[in-house]
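**Student:** Please find target.json (JSON, C-alpha atoms) on the next line:
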[["chain", "number", "residue", "atom", "x", "y", "z"],
["A", 5, "MET", "CA", -0.04, -32.01, 40.44],
["A", 6, "THR", "CA", 1.81, -29.93, 43.00],
["A", 7, "ALA", "CA", 5.37, -28.79, 42.75],
["A", 8, "HIS", "CA", 7.81, -30.43, 45.11],
["A", 9, "THR", "CA", 8.95, -28.07, 47.85],
["A", 10, "PRO", "CA", 12.54, -28.70, 48.84],
["A", 11, "PRO", "CA", 13.23, -29.10, 52.54],
["A", 12, "THR", "CA", 14.41, -25.95, 54.22],
["A", 13, "SER", "CA", 16.99, -25.44, 56.90],
["A", 14, "HIS", "CA", 14.69, -23.04, 58.74],
["A", 15, "PHE", "CA", 13.44, -24.27, 62.11],
["A", 16, "LEU", "CA", 10.09, -22.56, 62.57],
["A", 17, "ALA", "CA", 9.35, -24.20, 65.95],
["A", 18, "LEU", "CA", 12.78, -23.23, 67.31],
["A", 19, "ASP", "CA", 12.28, -19.66, 66.12],
["A", 20, "GLY", "CA", 8.98, -19.59, 67.99],
["A", 21, "LEU", "CA", 10.59, -20.92, 71.16],
["A", 22, "ARG", "CA", 13.39, -18.38, 70.85],
["A", 23, "GLY", "CA", 10.77, -15.66, 70.49],
["A", 24, "VAL", "CA", 8.94, -16.80, 73.62],
["A", 25, "ALA", "CA", 12.22, -16.93, 75.54],
["A", 26, "ALA", "CA", 13.10, -13.42, 74.32],
["A", 27, "LEU", "CA", 9.72, -12.09, 75.49],
["A", 28, "ILE", "CA", 10.25, -13.66, 78.91],
["A", 29, "VAL", "CA", 13.65, -11.97, 79.12],
["A", 30, "VAL", "CA", 12.04, -8.63, 78.18],
["A", 31, "GLN", "CA", 9.47, -9.17, 80.95],
["A", 32, "ARG", "CA", 12.27, -9.85, 83.45],
["A", 33, "HIS", "CA", 14.11, -6.66, 82.47],
["A", 34, "GLY", "CA", 10.98, -4.54, 82.37],
["A", 35, "TYR", "CA", 9.27, -5.84, 85.51],
["A", 36, "PHE", "CA", 9.02, -2.34, 86.96],
["A", 37, "PHE", "CA", 7.17, -1.02, 83.91],
["A", 38, "LEU", "CA", 5.11, -4.17, 83.35],
["A", 39, "GLY", "CA", 3.63, -4.42, 86.83],
["A", 40, "GLY", "CA", 5.89, -6.81, 88.70],
["A", 41, "ASP", "CA", 7.69, -10.06, 88.19],
["A", 42, "MET", "CA", 5.11, -12.41, 86.73],
["A", 43, "LEU", "CA", 7.59, -15.22, 86.02],
["A", 44, "PRO", "CA", 9.94, -15.75, 88.98],
["A", 45, "ALA", "CA", 11.98, -18.42, 87.15],
["A", 46, "GLY", "CA", 12.08, -16.36, 83.96],
["A", 47, "TYR", "CA", 15.83, -15.91, 84.27],
["A", 48, "LEU", "CA", 16.14, -19.45, 82.89],
["A", 49, "ALA", "CA", 14.83, -18.16, 79.56],
["A", 50, "VAL", "CA", 18.23, -16.53, 78.94],
["A", 51, "ASP", "CA", 19.96, -19.92, 79.08],
["A", 52, "PHE", "CA", 17.24, -21.50, 76.94],
["A", 53, "PHE", "CA", 17.48, -18.70, 74.37],
["A", 54, "PHE", "CA", 21.26, -19.08, 74.08],
["A", 55, "LEU", "CA", 21.00, -22.86, 73.85],
["A", 56, "LEU", "CA", 18.53, -22.65, 70.98],
["A", 57, "SER", "CA", 20.47, -19.85, 69.30],
["A", 58, "GLY", "CA", 23.68, -21.87, 69.47],
["A", 59, "PHE", "CA", 21.98, -24.78, 67.72],
["A", 60, "VAL", "CA", 20.49, -22.53, 65.03],
["A", 61, "LEU", "CA", 23.81, -20.70, 64.46],
["A", 62, "ALA", "CA", 25.76, -23.95, 64.28],
["A", 63, "HIS", "CA", 23.34, -25.30, 61.72],
["A", 64, "ALA", "CA", 23.33, -22.08, 59.68],
["A", 65, "TYR", "CA", 27.11, -21.63, 59.52],
["A", 66, "ASP", "CA", 28.36, -25.24, 59.63],
["A", 67, "GLY", "CA", 28.66, -25.74, 55.90],
["A", 68, "ARG", "CA", 30.32, -22.40, 55.24],
["A", 69, "LEU", "CA", 32.76, -22.78, 58.13],
["A", 70, "ARG", "CA", 33.78, -26.19, 56.77],
["A", 71, "THR", "CA", 34.36, -24.85, 53.26],
["A", 72, "THR", "CA", 34.58, -21.13, 52.46],
["A", 73, "MET", "CA", 34.30, -19.09, 55.67],
["A", 74, "SER", "CA", 37.20, -18.52, 58.03],
["A", 75, "PRO", "CA", 36.72, -18.05, 61.78],
["A", 76, "LEU", "CA", 37.57, -14.36, 61.27],
["A", 77, "GLY", "CA", 34.94, -14.15, 58.53],
["A", 78, "PHE", "CA", 32.40, -15.69, 60.89],
["A", 79, "MET", "CA", 33.24, -13.16, 63.62],
["A", 80, "ARG", "CA", 32.98, -10.32, 61.09],
["A", 81, "ALA", "CA", 29.59, -11.55, 59.87],
["A", 82, "ARG", "CA", 28.25, -11.79, 63.43],
["A", 83, "LEU", "CA", 29.61, -8.35, 64.34],
["A", 84, "VAL", "CA", 28.03, -6.74, 61.26],
["A", 85, "ARG", "CA", 24.72, -8.35, 62.15],
["A", 86, "LEU", "CA", 24.69, -7.62, 65.90],
["A", 87, "TYR", "CA", 26.60, -4.37, 66.41],
["A", 88, "PRO", "CA", 24.06, -1.91, 64.92],
["A", 89, "LEU", "CA", 21.30, -2.96, 67.32],
["A", 90, "TYR", "CA", 23.78, -3.15, 70.20],
["A", 91, "LEU", "CA", 24.97, 0.38, 69.41],
["A", 92, "LEU", "CA", 21.37, 1.62, 69.21],
["A", 93, "GLY", "CA", 20.74, 0.21, 72.68],
["A", 94, "LEU", "CA", 23.85, 1.92, 74.03],
["A", 95, "VAL", "CA", 22.86, 5.26, 72.54],
["A", 96, "LEU", "CA", 19.26, 5.02, 73.78],
["A", 97, "CYS", "CA", 20.42, 4.21, 77.32],
["A", 98, "LEU", "CA", 23.08, 6.92, 77.42],
["A", 99, "PRO", "CA", 20.76, 9.79, 78.54],
["A", 100, "LEU", "CA", 19.52, 7.71, 81.48],
["A", 101, "ALA", "CA", 23.06, 6.69, 82.39],
["A", 102, "LEU", "CA", 24.26, 10.30, 82.24],
["A", 103, "THR", "CA", 21.56, 11.40, 84.67],
["A", 104, "THR", "CA", 22.15, 8.58, 87.15],
["A", 105, "SER", "CA", 25.91, 8.03, 87.21],
["A", 106, "ASP", "CA", 29.17, 9.96, 87.07],
["A", 107, "HIS", "CA", 30.79, 6.96, 85.38],
["A", 108, "ALA", "CA", 28.46, 6.88, 82.36],
["A", 109, "PRO", "CA", 30.99, 8.20, 79.80],
["A", 110, "ALA", "CA", 33.55, 5.55, 80.79],
["A", 111, "TRP", "CA", 30.90, 2.83, 80.77],
["A", 112, "PHE", "CA", 29.68, 3.99, 77.36],
["A", 113, "ALA", "CA", 33.23, 3.93, 75.97],
["A", 114, "ALA", "CA", 33.75, 0.43, 77.35],
["A", 115, "GLY", "CA", 30.40, -0.63, 75.93],
["A", 116, "LEU", "CA", 31.41, 0.51, 72.44],
["A", 117, "LEU", "CA", 34.09, -2.18, 72.57],
["A", 118, "PHE", "CA", 31.85, -4.88, 74.11],
["A", 119, "SER", "CA", 33.97, -4.63, 77.26],
["A", 120, "PRO", "CA", 32.48, -5.81, 80.53],
["A", 121, "ILE", "CA", 32.05, -3.29, 83.30],
["A", 122, "PHE", "CA", 33.06, -4.42, 86.76],
["A", 123, "GLY", "CA", 32.10, -2.68, 89.98]]
Since I need it in another form, could you write the structure as structure tokens?

**Tutor:**
Amino acid sequence: MTAHTPPTSHFLALDGLRGVAALIVVQRHGYFFLGGDMLPAGYLAVDFFFLLSGFVLAHAYDGRLRTTMSPLGFMRARLVRLYPLYLLGLVLCLPLALTTSDHAPAWFAAGLLFSPIFG
């Protein structure tokens, strides 16, 4: 007799599709290092990734947002999860930005606050 496994709220197939989309986006950003643009329509993977991520996030947070989590709590949870990797990316790109632009310190400061950079 086997134990009953309760259904999970984890979408393995969607995680796999998100992973493929993320790899396509990496290929688009690293085309120079990876030997050219192998997927000319790869830019669509960004939209696909965000579509799938929106579904997964909505499913993951729906119950808590309806009961115990406030919108501010949701934003705090997302910031705590995303900001460390975002900050790491900013710091790793800073040396390159400093060698290629006079505006790098201002762009870095704006980036710390998730501010868009125009121009």

**Student:** So how far away is CA of Met79 in chain A from CA of Leu91 in chain A, in Å?

**Tutor:**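 CA of Met79 in chain A lies 16.9 Å from CA of Leu91 in chain A.
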
**Student:** Using all atoms listed in the file, find the one residue out of A:Val84, A:Leu94, A:Leu100, A:Phe54 that sits nearest to Ala113 in chain A.

**Tutor:**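 Checking each of A:Val84, A:Leu94, A:Leu100, A:Phe54 against Ala113 in chain A, counting all atoms listed in the file, the winner is A:Leu94.
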
**Student:** One decimal, Å: what's the distance from CA of Asp51 in chain A over to CA of Ala110 in chain A, could you say?

**Tutor:**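 Between these atoms lies a distance of 28.9 Å.
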
**Student:** Write out as a PyMOL selection string the residues lying within 12 Å of Cys97 in chain A, counting all atoms listed in the file and excluding same-chain residues fewer than 4 positions away.

**Tutor:** chain A and resi 90-93+101-105+108-109+111-112+115

**Student:** Could you save those same residues with C-alpha atoms as a JSON list (two decimals), in the frame of the given file?

**Tutor:**
[["chain", "number", "residue", "atom", "x", "y", "z"],
["A", 90, "TYR", "CA", 23.78, -3.15, 70.20],
["A", 91, "LEU", "CA", 24.97, 0.38, 69.41],
["A", 92, "LEU", "CA", 21.37, 1.62, 69.21],
["A", 93, "GLY", "CA", 20.74, 0.21, 72.68],
["A", 101, "ALA", "CA", 23.06, 6.69, 82.39],
["A", 102, "LEU", "CA", 24.26, 10.30, 82.24],
["A", 103, "THR", "CA", 21.56, 11.40, 84.67],
["A", 104, "THR", "CA", 22.15, 8.58, 87.15],
["A", 105, "SER", "CA", 25.91, 8.03, 87.21],
["A", 108, "ALA", "CA", 28.46, 6.88, 82.36],
["A", 109, "PRO", "CA", 30.99, 8.20, 79.80],
["A", 111, "TRP", "CA", 30.90, 2.83, 80.77],
["A", 112, "PHE", "CA", 29.68, 3.99, 77.36],
["A", 115, "GLY", "CA", 30.40, -0.63, 75.93]]

**Student:** Enter the distance from CA of Asp19 in chain A to CA of Pro44 in chain A, in Å, rounded to one decimal.

**Tutor:** 23.3 Å

**Student:** Would you give the centre and edge lengths, in Å to one decimal, of a box along x, y and z around the listed atoms of range 95-111 of chain A, with 4 Å added to each side, as JSON?

**Tutor:**
{"center_x": 26.4, "center_y": 7.1, "center_z": 79.9, "size_x": 22.3, "size_y": 16.6, "size_z": 22.7}

**Student:** So which one's closest to Tyr87 in chain A, A:Phe59, A:Phe118, A:Tyr65, A:Tyr35? Using all atoms listed in the file, please.

**Tutor:**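 Going through A:Phe59, A:Phe118, A:Tyr65, A:Tyr35 one by one, the smallest distance to Tyr87 in chain A is for A:Phe118.
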
**Student:** Can you work out which one of A:Ala17, A:Leu89, A:Val60, A:Met42 has the shortest atom-to-atom distance to Val29 in chain A, counting all atoms listed in the file?

**Tutor:**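 Closest to Val29 in chain A, using all atoms listed in the file: A:Met42.
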
**Student:** Pick out the closest residue to Arg22 in chain A from this set: A:Met73, A:Val50, A:Ala64, A:Ala114. Count only C-alpha atoms.

**Tutor:**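 Checking each candidate against Arg22 in chain A, we get A:Val50 as the closest.
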
**Student:** Here is a test: counting all atoms listed in the file, which residue of A:Ala25, A:Asp41, A:Phe15, A:Phe78 is nearest to Asp66 in chain A?

**Tutor:**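 Smallest separation from Asp66 in chain A among the options: A:Phe78.
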
**Student:** Kindly indicate which residue among A:Leu56, A:Arg68, A:Leu117, A:Leu98 lies nearest to Leu83 in chain A, using all atoms listed in the file for the distances.

**Tutor:**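 Among the listed residues, the smallest separation from Leu83 in chain A belongs to A:Leu117.
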
**Student:** Select range 20-98 of chain A in the preceding structure and write C-alpha atoms to a file as a short mmCIF file (atom, residue, chain, number, x, y, z; two decimals), in the first residue's frame.

**Tutor:**
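Listing of result.cif after writing:
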data_model
loop_
_atom_site.label_atom_id
_atom_site.label_comp_id
_atom_site.auth_asym_id
_atom_site.auth_seq_id
_atom_site.Cartn_x
_atom_site.Cartn_y
_atom_site.Cartn_z
CA GLY A 20 10.60 24.24 -17.16
CA LEU A 21 9.09 26.61 -19.72
CA ARG A 22 10.18 29.60 -17.64
CA GLY A 23 13.69 28.14 -17.54
CA VAL A 24 13.79 27.72 -21.32
CA ALA A 25 12.52 31.27 -21.79
CA ALA A 26 15.18 32.57 -19.37
CA LEU A 27 17.92 30.75 -21.31
CA ILE A 28 16.67 32.27 -24.56
CA VAL A 29 16.81 35.72 -22.96
CA VAL A 30 20.38 35.02 -21.79
CA GLN A 31 21.28 34.02 -25.36
CA ARG A 32 19.79 37.27 -26.68
CA HIS A 33 21.78 39.36 -24.19
CA GLY A 34 24.99 37.41 -24.70
CA TYR A 35 24.89 37.04 -28.48
CA PHE A 36 28.32 38.64 -28.84
CA PHE A 37 29.93 36.12 -26.49
CA LEU A 38 27.88 33.15 -27.69
CA GLY A 39 28.68 33.46 -31.39
CA GLY A 40 25.79 35.42 -32.86
CA ASP A 41 22.05 35.63 -32.65
CA MET A 42 20.84 32.06 -33.03
CA LEU A 43 17.19 32.88 -32.27
CA PRO A 44 16.07 36.02 -34.12
CA ALA A 45 12.61 35.99 -32.50
CA GLY A 46 14.06 35.26 -29.08
CA TYR A 47 12.94 38.64 -27.78
CA LEU A 48 9.46 37.11 -27.47
CA ALA A 49 10.79 34.90 -24.68
CA VAL A 50 10.76 37.94 -22.37
CA ASP A 51 7.00 38.35 -22.80
CA PHE A 52 6.46 34.59 -22.42
CA PHE A 53 8.59 34.50 -19.26
CA PHE A 54 6.65 37.37 -17.67
CA LEU A 55 3.31 35.83 -18.66
CA LEU A 56 4.20 32.53 -17.02
CA SER A 57 5.73 34.25 -14.00
CA GLY A 58 2.59 36.32 -13.50
CA PHE A 59 0.48 33.17 -13.45
CA VAL A 60 2.82 31.42 -11.01
CA LEU A 61 3.02 34.48 -8.72
CA ALA A 62 -0.74 34.96 -8.75
CA HIS A 63 -1.24 31.33 -7.81
CA ALA A 64 1.43 31.42 -5.11
CA TYR A 65 0.25 34.60 -3.39
CA ASP A 66 -3.52 34.53 -4.05
CA GLY A 67 -4.53 32.88 -0.80
CA ARG A 68 -2.27 35.01 1.38
CA LEU A 69 -3.31 38.25 -0.34
CA ARG A 70 -6.96 37.37 0.27
CA THR A 71 -6.39 36.64 3.96
CA THR A 72 -3.22 37.65 5.81
CA MET A 73 -0.90 39.57 3.48
CA SER A 74 -1.32 43.24 2.67
CA PRO A 75 -0.27 44.74 -0.66
CA LEU A 76 2.65 46.39 1.17
CA GLY A 77 3.62 43.01 2.63
CA PHE A 78 3.56 41.52 -0.86
CA MET A 79 5.80 44.29 -2.20
CA ARG A 80 8.18 43.82 0.73
CA ALA A 81 8.35 40.06 0.16
CA ARG A 82 9.10 40.53 -3.55
CA LEU A 83 11.74 43.18 -2.84
CA VAL A 84 13.49 40.96 -0.27
CA ARG A 85 13.52 38.13 -2.79
CA LEU A 86 14.62 40.08 -5.88
CA TYR A 87 16.81 42.94 -4.66
CA PRO A 88 19.92 40.94 -3.61
CA LEU A 89 20.39 39.44 -7.08
CA TYR A 90 19.52 42.76 -8.72
CA LEU A 91 22.12 44.52 -6.55
CA LEU A 92 24.71 41.86 -7.39
CA GLY A 93 24.10 42.50 -11.09
CA LEU A 94 24.50 46.23 -10.59
CA VAL A 95 27.76 45.80 -8.70
CA LEU A 96 29.18 43.33 -11.23
CA CYS A 97 28.38 45.67 -14.13
CA LEU A 98 29.73 48.78 -12.42
#
